[in-house]
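A.B. asks: Dropping in input_3.pdb, with PDB, C-alpha atoms and all ligand atoms.
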MODEL        1
ATOM      1  CA  MET A1157       0.000   0.000   0.000  1.00  0.00           C
ATOM      2  CA  ALA A1158       1.395   3.392  -0.916  1.00  0.00           C
ATOM      3  CA  THR A1159       2.244   5.354   2.212  1.00  0.00           C
ATOM      4  CA  GLN A1160      -0.033   8.247   1.364  1.00  0.00           C
ATOM      5  CA  LEU A1161      -2.995   5.832   1.299  1.00  0.00           C
ATOM      6  CA  LYS A1162      -2.022   3.968   4.485  1.00  0.00           C
ATOM      7  CA  ASN A1163      -4.751   3.800   7.116  1.00  0.00           C
ATOM      8  CA  LEU A1164      -3.926   1.377   9.901  1.00  0.00           C
ATOM      9  CA  SER A1165      -7.441   1.778  11.326  1.00  0.00           C
ATOM     10  CA  ASP A1166      -9.558   1.037   8.239  1.00  0.00           C
ATOM     11  CA  PHE A1167     -11.032  -2.468   8.455  1.00  0.00           C
ATOM     12  CA  SER A1168     -14.046  -1.867   6.241  1.00  0.00           C
ATOM     13  CA  HIS A1169     -12.521  -4.309   3.746  1.00  0.00           C
ATOM     14  CA  THR A1170     -12.608  -7.268   6.114  1.00  0.00           C
ATOM     15  CA  THR A1171     -14.696  -9.027   8.768  1.00  0.00           C
ATOM     16  CA  VAL A1172     -13.580  -8.861  12.396  1.00  0.00           C
ATOM     17  CA  PRO A1173     -14.406 -11.753  14.745  1.00  0.00           C
ATOM     18  CA  ASN A1174     -16.487 -11.289  17.879  1.00  0.00           C
ATOM     19  CA  GLY A1175     -14.062 -11.147  20.801  1.00  0.00           C
ATOM     20  CA  SER A1176     -16.442 -11.996  23.640  1.00  0.00           C
ATOM     21  CA  ALA A1177     -14.936 -15.463  24.124  1.00  0.00           C
ATOM     22  CA  TYR A1178     -11.315 -14.350  24.156  1.00  0.00           C
ATOM     23  CA  LYS A1179      -8.830 -13.301  26.857  1.00  0.00           C
ATOM     24  CA  ILE A1180      -6.109 -11.007  25.558  1.00  0.00           C
ATOM     25  CA  ALA A1181      -3.044  -9.411  27.159  1.00  0.00           C
ATOM     26  CA  ILE A1182      -1.486  -6.107  26.152  1.00  0.00           C
ATOM     27  CA  ALA A1183       2.190  -5.437  26.946  1.00  0.00           C
ATOM     28  CA  VAL A1184       3.113  -1.788  26.366  1.00  0.00           C
ATOM     29  CA  ALA A1185       6.577  -0.201  26.410  1.00  0.00           C
ATOM     30  CA  GLU A1186       7.068   2.992  28.432  1.00  0.00           C
ATOM     31  CA  TRP A1187       9.708   4.490  26.097  1.00  0.00           C
ATOM     32  CA  ASN A1188       8.046   7.224  23.978  1.00  0.00           C
ATOM     33  CA  ALA A1189       5.094   7.015  26.378  1.00  0.00           C
ATOM     34  CA  GLU A1190       3.046   9.681  24.614  1.00  0.00           C
ATOM     35  CA  ILE A1191       3.085   7.519  21.495  1.00  0.00           C
ATOM     36  CA  THR A1192       2.704   4.129  23.162  1.00  0.00           C
ATOM     37  CA  GLY A1193      -0.113   5.497  25.304  1.00  0.00           C
ATOM     38  CA  SER A1194      -2.025   6.319  22.121  1.00  0.00           C
ATOM     39  CA  LEU A1195      -1.293   2.858  20.726  1.00  0.00           C
ATOM     40  CA  TYR A1196      -2.571   1.322  23.960  1.00  0.00           C
ATOM     41  CA  ASN A1197      -5.769   3.381  23.922  1.00  0.00           C
ATOM     42  CA  GLY A1198      -6.365   2.389  20.318  1.00  0.00           C
ATOM     43  CA  ALA A1199      -5.899  -1.298  21.073  1.00  0.00           C
ATOM     44  CA  LEU A1200      -8.073  -1.169  24.199  1.00  0.00           C
ATOM     45  CA  GLU A1201     -10.890   0.677  22.430  1.00  0.00           C
ATOM     46  CA  THR A1202     -10.784  -1.719  19.477  1.00  0.00           C
ATOM     47  CA  LEU A1203     -10.832  -4.861  21.626  1.00  0.00           C
ATOM     48  CA  THR A1204     -13.783  -3.418  23.570  1.00  0.00           C
ATOM     49  CA  LYS A1205     -15.580  -2.410  20.360  1.00  0.00           C
ATOM     50  CA  TYR A1206     -15.449  -6.015  19.160  1.00  0.00           C
ATOM     51  CA  GLY A1207     -16.731  -7.520  22.377  1.00  0.00           C
ATOM     52  CA  VAL A1208     -13.735  -8.400  24.542  1.00  0.00           C
ATOM     53  CA  ALA A1209     -14.802  -7.978  28.181  1.00  0.00           C
ATOM     54  CA  GLN A1210     -12.817  -5.593  30.349  1.00  0.00           C
ATOM     55  CA  GLU A1211     -12.064  -8.417  32.777  1.00  0.00           C
ATOM     56  CA  ASN A1212     -10.586 -10.396  29.895  1.00  0.00           C
ATOM     57  CA  ILE A1213      -8.014  -7.746  29.005  1.00  0.00           C
ATOM     58  CA  LEU A1214      -4.767  -8.027  31.002  1.00  0.00           C
ATOM     59  CA  SER A1215      -2.443  -5.033  30.669  1.00  0.00           C
ATOM     60  CA  ILE A1216       1.176  -4.673  31.753  1.00  0.00           C
ATOM     61  CA  ALA A1217       3.887  -2.050  31.156  1.00  0.00           C
ATOM     62  CA  VAL A1218       7.582  -2.695  30.468  1.00  0.00           C
ATOM     63  CA  PRO A1219      10.488  -0.207  30.334  1.00  0.00           C
ATOM     64  CA  GLY A1220      11.210  -0.451  26.614  1.00  0.00           C
ATOM     65  CA  SER A1221      10.413  -2.370  23.448  1.00  0.00           C
ATOM     66  CA  PHE A1222      13.375  -4.672  24.021  1.00  0.00           C
ATOM     67  CA  GLU A1223      11.560  -6.031  27.104  1.00  0.00           C
ATOM     68  CA  LEU A1224       8.404  -6.905  25.170  1.00  0.00           C
ATOM     69  CA  THR A1225       9.778 -10.360  24.326  1.00  0.00           C
ATOM     70  CA  SER A1226      10.296 -11.386  27.945  1.00  0.00           C
ATOM     71  CA  ALA A1227       6.992  -9.810  28.921  1.00  0.00           C
ATOM     72  CA  ALA A1228       5.102 -11.877  26.336  1.00  0.00           C
ATOM     73  CA  ASP A1229       6.885 -15.045  27.479  1.00  0.00           C
ATOM     74  CA  LEU A1230       6.125 -14.370  31.152  1.00  0.00           C
ATOM     75  CA  LEU A1231       2.477 -13.616  30.403  1.00  0.00           C
ATOM     76  CA  LEU A1232       1.998 -16.829  28.426  1.00  0.00           C
ATOM     77  CA  GLN A1233       3.782 -18.914  31.063  1.00  0.00           C
ATOM     78  CA  LYS A1234       1.709 -17.507  33.946  1.00  0.00           C
ATOM     79  CA  HIS A1235      -1.684 -17.089  32.193  1.00  0.00           C
ATOM     80  CA  GLN A1236      -2.130 -20.168  30.035  1.00  0.00           C
ATOM     81  CA  ASP A1237      -5.766 -19.215  29.287  1.00  0.00           C
ATOM     82  CA  LEU A1238      -4.625 -16.218  27.220  1.00  0.00           C
ATOM     83  CA  ASP A1239      -5.740 -16.349  23.595  1.00  0.00           C
ATOM     84  CA  ALA A1240      -3.266 -13.731  22.344  1.00  0.00           C
ATOM     85  CA  VAL A1241      -0.693 -11.181  23.488  1.00  0.00           C
ATOM     86  CA  ILE A1242      -0.426  -7.745  21.887  1.00  0.00           C
ATOM     87  CA  CYS A1243       3.012  -6.102  22.137  1.00  0.00           C
ATOM     88  CA  LEU A1244       3.005  -2.314  21.729  1.00  0.00           C
ATOM     89  CA  GLY A1245       6.059  -0.082  21.471  1.00  0.00           C
ATOM     90  CA  CYS A1246       7.648   2.772  19.586  1.00  0.00           C
ATOM     91  CA  VAL A1247      11.296   2.669  18.528  1.00  0.00           C
ATOM     92  CA  ILE A1248      12.575   5.895  16.966  1.00  0.00           C
ATOM     93  CA  GLN A1249      15.914   6.060  15.147  1.00  0.00           C
ATOM     94  CA  GLY A1250      18.633   7.849  17.110  1.00  0.00           C
ATOM     95  CA  ASP A1251      22.258   8.607  16.239  1.00  0.00           C
ATOM     96  CA  THR A1252      23.579   5.063  16.618  1.00  0.00           C
ATOM     97  CA  LYS A1253      22.831   1.489  15.562  1.00  0.00           C
ATOM     98  CA  HIS A1254      20.942   0.855  18.819  1.00  0.00           C
ATOM     99  CA  PHE A1255      17.663   1.251  16.875  1.00  0.00           C
ATOM    100  CA  ASP A1256      18.567  -1.663  14.600  1.00  0.00           C
ATOM    101  CA  PHE A1257      19.406  -3.987  17.462  1.00  0.00           C
ATOM    102  CA  ILE A1258      16.197  -3.228  19.354  1.00  0.00           C
ATOM    103  CA  CYS A1259      13.965  -3.604  16.302  1.00  0.00           C
ATOM    104  CA  ASP A1260      15.571  -6.871  15.250  1.00  0.00           C
ATOM    105  CA  ALA A1261      15.520  -8.248  18.801  1.00  0.00           C
ATOM    106  CA  VAL A1262      11.861  -7.538  19.456  1.00  0.00           C
ATOM    107  CA  ALA A1263      10.641  -8.682  16.028  1.00  0.00           C
ATOM    108  CA  ASN A1264      12.579 -11.947  16.196  1.00  0.00           C
ATOM    109  CA  GLY A1265      11.993 -12.373  19.925  1.00  0.00           C
ATOM    110  CA  ILE A1266       8.222 -12.176  19.905  1.00  0.00           C
ATOM    111  CA  THR A1267       8.107 -14.452  16.885  1.00  0.00           C
ATOM    112  CA  GLN A1268      10.006 -17.076  18.861  1.00  0.00           C
ATOM    113  CA  VAL A1269       7.707 -16.643  21.874  1.00  0.00           C
ATOM    114  CA  SER A1270       4.636 -17.039  19.671  1.00  0.00           C
ATOM    115  CA  VAL A1271       5.953 -20.298  18.237  1.00  0.00           C
ATOM    116  CA  LYS A1272       7.163 -21.541  21.651  1.00  0.00           C
ATOM    117  CA  HIS A1273       3.704 -21.165  23.174  1.00  0.00           C
ATOM    118  CA  SER A1274       1.651 -21.792  20.020  1.00  0.00           C
ATOM    119  CA  LYS A1275      -0.197 -18.566  20.779  1.00  0.00           C
ATOM    120  CA  PRO A1276      -0.515 -15.375  18.685  1.00  0.00           C
ATOM    121  CA  VAL A1277       1.915 -12.659  19.799  1.00  0.00           C
ATOM    122  CA  ILE A1278       1.203  -9.504  17.817  1.00  0.00           C
ATOM    123  CA  PHE A1279       3.951  -7.100  16.697  1.00  0.00           C
ATOM    124  CA  GLY A1280       2.409  -3.712  17.391  1.00  0.00           C
ATOM    125  CA  VAL A1281       5.728  -1.859  17.488  1.00  0.00           C
ATOM    126  CA  LEU A1282       6.326   1.326  15.518  1.00  0.00           C
ATOM    127  CA  THR A1283       9.847   1.478  14.069  1.00  0.00           C
ATOM    128  CA  THR A1284      10.166   4.982  12.690  1.00  0.00           C
ATOM    129  CA  ASN A1285      12.775   7.359  11.368  1.00  0.00           C
ATOM    130  CA  ASN A1286      11.444  10.272  13.390  1.00  0.00           C
ATOM    131  CA  GLN A1287       8.819  11.416  15.905  1.00  0.00           C
ATOM    132  CA  GLN A1288       6.404  12.682  13.259  1.00  0.00           C
ATOM    133  CA  GLN A1289       6.169   9.289  11.556  1.00  0.00           C
ATOM    134  CA  ALA A1290       5.292   7.817  14.954  1.00  0.00           C
ATOM    135  CA  ILE A1291       2.663  10.466  15.643  1.00  0.00           C
ATOM    136  CA  ASP A1292       1.107   9.823  12.229  1.00  0.00           C
ATOM    137  CA  ARG A1293       0.721   6.105  13.077  1.00  0.00           C
ATOM    138  CA  ALA A1294      -0.501   6.482  16.664  1.00  0.00           C
ATOM    139  CA  GLY A1295      -3.838   8.124  15.978  1.00  0.00           C
ATOM    140  CA  GLY A1296      -2.687  10.533  13.291  1.00  0.00           C
ATOM    141  CA  LYS A1297      -3.177  10.702   9.526  1.00  0.00           C
ATOM    142  CA  HIS A1298      -2.177   7.077   9.007  1.00  0.00           C
ATOM    143  CA  GLY A1299      -4.434   5.687  11.720  1.00  0.00           C
ATOM    144  CA  ASN A1300      -3.409   3.806  14.821  1.00  0.00           C
ATOM    145  CA  LYS A1301      -1.172   0.718  14.859  1.00  0.00           C
ATOM    146  CA  GLY A1302      -2.789  -0.183  18.164  1.00  0.00           C
ATOM    147  CA  ASP A1303      -6.094  -0.652  16.316  1.00  0.00           C
ATOM    148  CA  GLU A1304      -4.334  -2.816  13.733  1.00  0.00           C
ATOM    149  CA  ALA A1305      -2.672  -4.921  16.421  1.00  0.00           C
ATOM    150  CA  ALA A1306      -5.974  -5.497  18.238  1.00  0.00           C
ATOM    151  CA  ILE A1307      -7.748  -6.575  15.047  1.00  0.00           C
ATOM    152  CA  THR A1308      -4.852  -8.898  14.230  1.00  0.00           C
ATOM    153  CA  ALA A1309      -5.058 -10.433  17.705  1.00  0.00           C
ATOM    154  CA  LEU A1310      -8.792 -11.137  17.271  1.00  0.00           C
ATOM    155  CA  LYS A1311      -8.280 -12.637  13.821  1.00  0.00           C
ATOM    156  CA  MET A1312      -5.442 -14.873  14.986  1.00  0.00           C
ATOM    157  CA  ALA A1313      -7.314 -15.962  18.116  1.00  0.00           C
ATOM    158  CA  GLU A1314     -10.250 -16.922  15.882  1.00  0.00           C
ATOM    159  CA  LEU A1315      -7.903 -18.758  13.524  1.00  0.00           C
ATOM    160  CA  LYS A1316      -6.389 -20.770  16.394  1.00  0.00           C
ATOM    161  CA  ALA A1317      -9.861 -21.595  17.708  1.00  0.00           C
ATOM    162  CA  THR A1318     -11.185 -22.803  14.332  1.00  0.00           C
ATOM    163  CA  VAL A1319      -8.245 -24.142  12.307  1.00  0.00           C
TER     164      VAL A1319
HETATM  165  N1  LIG B1401      15.485   3.985  22.260  1.00  0.00           N
HETATM  166  C1  LIG B1401      14.334   3.275  22.510  1.00  0.00           C
HETATM  167  C2  LIG B1401      14.280   2.251  23.454  1.00  0.00           C
HETATM  168  N2  LIG B1401      15.377   1.912  24.167  1.00  0.00           N
HETATM  169  C3  LIG B1401      15.332   1.098  25.378  1.00  0.00           C
HETATM  170  C4  LIG B1401      15.290  -0.412  25.070  1.00  0.00           C
HETATM  171  O1  LIG B1401      14.009  -0.799  24.573  1.00  0.00           O
HETATM  172  C5  LIG B1401      15.561  -1.204  26.355  1.00  0.00           C
HETATM  173  O2  LIG B1401      14.586  -0.865  27.331  1.00  0.00           O
HETATM  174  C6  LIG B1401      16.952  -0.926  26.891  1.00  0.00           C
HETATM  175  O3  LIG B1401      17.897  -1.193  25.864  1.00  0.00           O
HETATM  176  C7  LIG B1401      17.263  -1.793  28.124  1.00  0.00           C
HETATM  177  O4  LIG B1401      17.120  -3.156  27.829  1.00  0.00           O
HETATM  178  N3  LIG B1401      13.137   1.553  23.653  1.00  0.00           N
HETATM  179  C8  LIG B1401      11.994   1.856  22.929  1.00  0.00           C
HETATM  180  O5  LIG B1401      10.943   1.217  23.122  1.00  0.00           O
HETATM  181  N4  LIG B1401      12.019   2.862  22.019  1.00  0.00           N
HETATM  182  C9  LIG B1401      13.160   3.584  21.769  1.00  0.00           C
HETATM  183  O6  LIG B1401      13.145   4.505  20.903  1.00  0.00           O
HETATM  184  C1  LIG B1402      16.391   3.495  19.439  1.00  0.00           C
HETATM  185  C2  LIG B1402      17.235   4.025  20.526  1.00  0.00           C
HETATM  186  O1  LIG B1402      17.708   3.341  21.402  1.00  0.00           O
HETATM  187  C3  LIG B1402      17.610   5.462  20.380  1.00  0.00           C
HETATM  188  O2  LIG B1402      16.511   6.276  20.733  1.00  0.00           O
HETATM  189  C4  LIG B1402      18.786   5.800  21.259  1.00  0.00           C
HETATM  190  O3  LIG B1402      19.367   6.912  20.649  1.00  0.00           O
HETATM  191  P1  LIG B1402      20.908   6.854  20.172  1.00  0.00           P
HETATM  192  O4  LIG B1402      21.000   5.836  19.053  1.00  0.00           O
HETATM  193  O5  LIG B1402      21.198   8.261  19.667  1.00  0.00           O
HETATM  194  O6  LIG B1402      21.725   6.473  21.385  1.00  0.00           O
ENDMDL
END
Could you take the file, read its structure, and then write that structure out as structure tokens?
C.D. replies:
Amino acid sequence: MATQLKNLSDFSHTTVPNGSAYKIAIAVAEWNAEITGSLYNGALETLTKYGVAQENILSIAVPGSFELTSAADLLLQKHQDLDAVICLGCVIQGDTKHFDFICDAVANGITQVSVKHSKPVIFGVLTTNNQQQAIDRAGGKHGNKGDEAAITALKMAELKATV
């Protein structure tokens, strides 16, 4: 999709499962809190919109996106009735290669956790060149990646339940 047409919150083209039967965790990174807070609100509102009960949404905060991998693993170890884990973060390029290491670690890490537990772990992490790109994708002109992550969690939970 061309960037200028990107809308992370437009799901008119697809059907979204009813979430009333699912229990979902949200792990959110505290780095770039003004961005990740918007991602979290988007995910929470979307899960609620599609029927997930408040008592079935478990939320935790971690220091940074790098810690999302261990958070997802701990959640799935301790709460084996979880149907999915949504990982939310915002990594913004700085002056060094640290950005690359964090992005690679969290993308590969949560993939491994998802396979380890045979449970959907959703990559809701913004990896942007600058603050404005993050703002645009956390409730701005390109929608909210938190919405996208919540929809993905519902779809994958439904897939696991019916495959
Ligand atoms: N620079 C960003 C970070 N850095 C912190 C790491 O995620 C991690 O907490 C630290 O390396 C200790 O293990 N985290 C983000 O989420 N976003 C950034 O832009
Ligand atoms: C992605 C980061 O860790 C980054 O914000 C840190 O900035 P720098 O690469 O200039 O140390």
A.B. asks: Let me know the residues the PyMOL selection byres (((not hetatm)) within 7 of (chain B and resi 1401)) catches in the file above, as number ranges by chain.
C.D. replies: A: 1185-1188, 1219-1223, 1245-1249, 1255, 1258
A.B. asks: If you measure from atom O6 of ligand LIG 1402 (chain B) to CA of Gly1250 in chain A, what distance in Å do you get, rounded to one decimal?
C.D. replies: 5.5 Å
A.B. asks: Which residues are close to Pro1276 in chain A, i.e. within 7 Å by all atoms listed in the file, leaving aside same-chain residues fewer than 4 positions away? Reply as a ChimeraX atom specification.
C.D. replies: /A:1240-1241,1270,1309,1312-1313
A.B. asks: Suppose a student applies the PyMOL selection byres (((chain A and resi 1212) around 9) and not hetatm) to this structure; what residues should they get, written as a list in words?
C.D. replies: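 For this structure, the PyMOL selection byres (((chain A and resi 1212) around 9) and not hetatm) resolves to Ser1176, Ala1177, Tyr1178, Lys1179, Ile1180, Ala1181, Val1208, Ala1209, Gln1210, Glu1211, Ile1213, Leu1214 and Leu1238 of chain A.
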A.B. asks: Take the residues from that selection and put them in a file with C-alpha atoms, as an mmCIF file, in the coordinates of the input.
C.D. replies:
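Result file follows (selection16.cif):
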data_model
loop_
_atom_site.group_PDB
_atom_site.id
_atom_site.type_symbol
_atom_site.label_atom_id
_atom_site.label_comp_id
_atom_site.auth_asym_id
_atom_site.auth_seq_id
_atom_site.Cartn_x
_atom_site.Cartn_y
_atom_site.Cartn_z
ATOM 1 C CA SER A 1176 -16.442 -11.996 23.640
ATOM 2 C CA ALA A 1177 -14.936 -15.463 24.124
ATOM 3 C CA TYR A 1178 -11.315 -14.350 24.156
ATOM 4 C CA LYS A 1179 -8.830 -13.301 26.857
ATOM 5 C CA ILE A 1180 -6.109 -11.007 25.558
ATOM 6 C CA ALA A 1181 -3.044 -9.411 27.159
ATOM 7 C CA VAL A 1208 -13.735 -8.400 24.542
ATOM 8 C CA ALA A 1209 -14.802 -7.978 28.181
ATOM 9 C CA GLN A 1210 -12.817 -5.593 30.349
ATOM 10 C CA GLU A 1211 -12.064 -8.417 32.777
ATOM 11 C CA ILE A 1213 -8.014 -7.746 29.005
ATOM 12 C CA LEU A 1214 -4.767 -8.027 31.002
ATOM 13 C CA LEU A 1238 -4.625 -16.218 27.220
#
A.B. asks: Starting from the PyMOL selection byres (((chain A and resi 1299) around 6) and not hetatm), expand the selection into actual residues of this file and give them as a list in words.
C.D. replies: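 This file, filtered by the PyMOL selection byres (((chain A and resi 1299) around 6) and not hetatm), leaves Asn1163, Leu1164, Ser1165, Arg1293, Gly1295, Gly1296, Lys1297, His1298 and Asn1300 of chain A.
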A.B. asks: Which is closest to ligand LIG 1402 (chain B) among A:Lys1316, A:His1254, A:His1169, A:Lys1162, if we use only C-alpha atoms and all ligand atoms?
C.D. replies: A:His1254
A.B. asks: I'd like the contact shell of Lys1311 in chain A - 10 Å cut-off, all atoms listed in the file, skipping same-chain residues fewer than 3 positions apart - returned as a compact mmCIF listing (two decimals) with C-alpha atoms, keeping the file's coordinate frame.
C.D. replies:
# COMPACT_ATOMS: atom_id res chain seq x y z
CA THR A 1171 -14.70 -9.03 8.77
CA VAL A 1172 -13.58 -8.86 12.40
CA PRO A 1173 -14.41 -11.75 14.74
CA ASN A 1174 -16.49 -11.29 17.88
CA GLY A 1175 -14.06 -11.15 20.80
CA ALA A 1240 -3.27 -13.73 22.34
CA PRO A 1276 -0.52 -15.38 18.68
CA ALA A 1305 -2.67 -4.92 16.42
CA ALA A 1306 -5.97 -5.50 18.24
CA ILE A 1307 -7.75 -6.58 15.05
CA THR A 1308 -4.85 -8.90 14.23
CA GLU A 1314 -10.25 -16.92 15.88
CA LEU A 1315 -7.90 -18.76 13.52
CA LYS A 1316 -6.39 -20.77 16.39
CA ALA A 1317 -9.86 -21.60 17.71
A.B. asks: Can you work out the spacing between CA of Asn1286 in chain A and atom O2 of ligand LIG 1402 (chain B) in Å, to one decimal?
C.D. replies: 9.8 Å
A.B. asks: Measuring atom to atom with only C-alpha atoms, identify which of A:Gly1302, A:Val1319, A:Phe1279, A:Ser1274 is nearest to Gly1198 in chain A.
C.D. replies: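 Closest residue, counting only C-alpha atoms: A:Gly1302.
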A.B. asks: Could you work out how far CA of Ala1294 in chain A lies from CA of His1273 in chain A, giving the answer in Å with one decimal?
C.D. replies: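 That distance, rounded to one decimal, is 28.7 Å.
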A.B. asks: Output, as lines of an AutoDock Vina configuration file, the centre and edge lengths in Å (one decimal) of the axis-aligned box that contains all listed atoms of ligand LIG 1402 (chain B) with 6 Å of margin on each side.
C.D. replies:
center_x = 19.1
center_y = 5.8
center_z = 20.2
size_x = 17.3
size_y = 16.9
size_z = 14.3
A.B. asks: Counting all atoms listed in the file, which of A:Val1271, A:Ala1228, A:Val1277, A:Ala1261 gets nearest to ligand LIG 1402 (chain B)?
C.D. replies: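 The answer is A:Ala1261, which sits nearest to ligand LIG 1402 (chain B).
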A.B. asks: Taking only C-alpha atoms and all ligand atoms into account, which of A:Thr1283, A:Gln1233, A:Asn1197, A:Thr1204 comes nearest ligand LIG 1402 (chain B)?
C.D. replies: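 Closest to ligand LIG 1402 (chain B), using only C-alpha atoms and all ligand atoms: A:Thr1283.
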A.B. asks: Point out the residue among A:Lys1205, A:Lys1272, A:His1235, A:Lys1253 with the least atom-to-atom distance to ligand LIG 1402 (chain B), counting all atoms listed in the file.
C.D. replies: A:Lys1253
A.B. asks: From the set A:Asn1285, A:Thr1159, A:Thr1252, A:Gln1268, which residue has the shortest atom-to-atom contact distance to ligand LIG 1402 (chain B), counting all atoms listed in the file?
C.D. replies: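 That would be A:Thr1252, the residue with the smallest distance to ligand LIG 1402 (chain B).
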A.B. asks: Please write range 1289-1301 of chain A of the preceding block to a file containing N, CA and C atoms, as a compact mmCIF listing (two decimals), in the first residue's frame?
C.D. replies:
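Written out: selection.txt:
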# COMPACT_ATOMS: atom_id res chain seq x y z
N GLN A 1289 6.67 10.55 12.12
CA GLN A 1289 6.17 9.29 11.56
C GLN A 1289 5.44 8.48 12.62
N ALA A 1290 5.94 8.54 13.86
CA ALA A 1290 5.29 7.82 14.95
C ALA A 1290 3.94 8.44 15.28
N ILE A 1291 3.91 9.76 15.36
CA ILE A 1291 2.66 10.47 15.64
C ILE A 1291 1.60 10.14 14.59
N ASP A 1292 2.04 10.10 13.34
CA ASP A 1292 1.11 9.82 12.23
C ASP A 1292 0.49 8.43 12.31
N ARG A 1293 1.16 7.50 13.00
CA ARG A 1293 0.72 6.11 13.08
C ARG A 1293 0.18 5.72 14.46
N ALA A 1294 0.03 6.71 15.30
CA ALA A 1294 -0.50 6.48 16.66
C ALA A 1294 -1.72 7.37 16.89
N GLY A 1295 -2.64 7.30 15.91
CA GLY A 1295 -3.84 8.12 15.98
C GLY A 1295 -3.79 9.34 15.08
N GLY A 1296 -2.79 9.41 14.21
CA GLY A 1296 -2.69 10.53 13.29
C GLY A 1296 -3.22 10.21 11.91
N LYS A 1297 -2.60 10.79 10.89
CA LYS A 1297 -3.18 10.70 9.53
C LYS A 1297 -3.11 9.29 8.96
N HIS A 1298 -2.26 8.45 9.51
CA HIS A 1298 -2.18 7.08 9.01
C HIS A 1298 -2.86 6.08 9.94
N GLY A 1299 -3.71 6.58 10.81
CA GLY A 1299 -4.43 5.69 11.72
C GLY A 1299 -3.64 5.35 12.96
N ASN A 1300 -4.00 4.20 13.55
CA ASN A 1300 -3.41 3.81 14.82
C ASN A 1300 -2.98 2.35 14.77
N LYS A 1301 -1.67 2.10 14.90
CA LYS A 1301 -1.17 0.72 14.86
C LYS A 1301 -1.71 -0.11 16.02
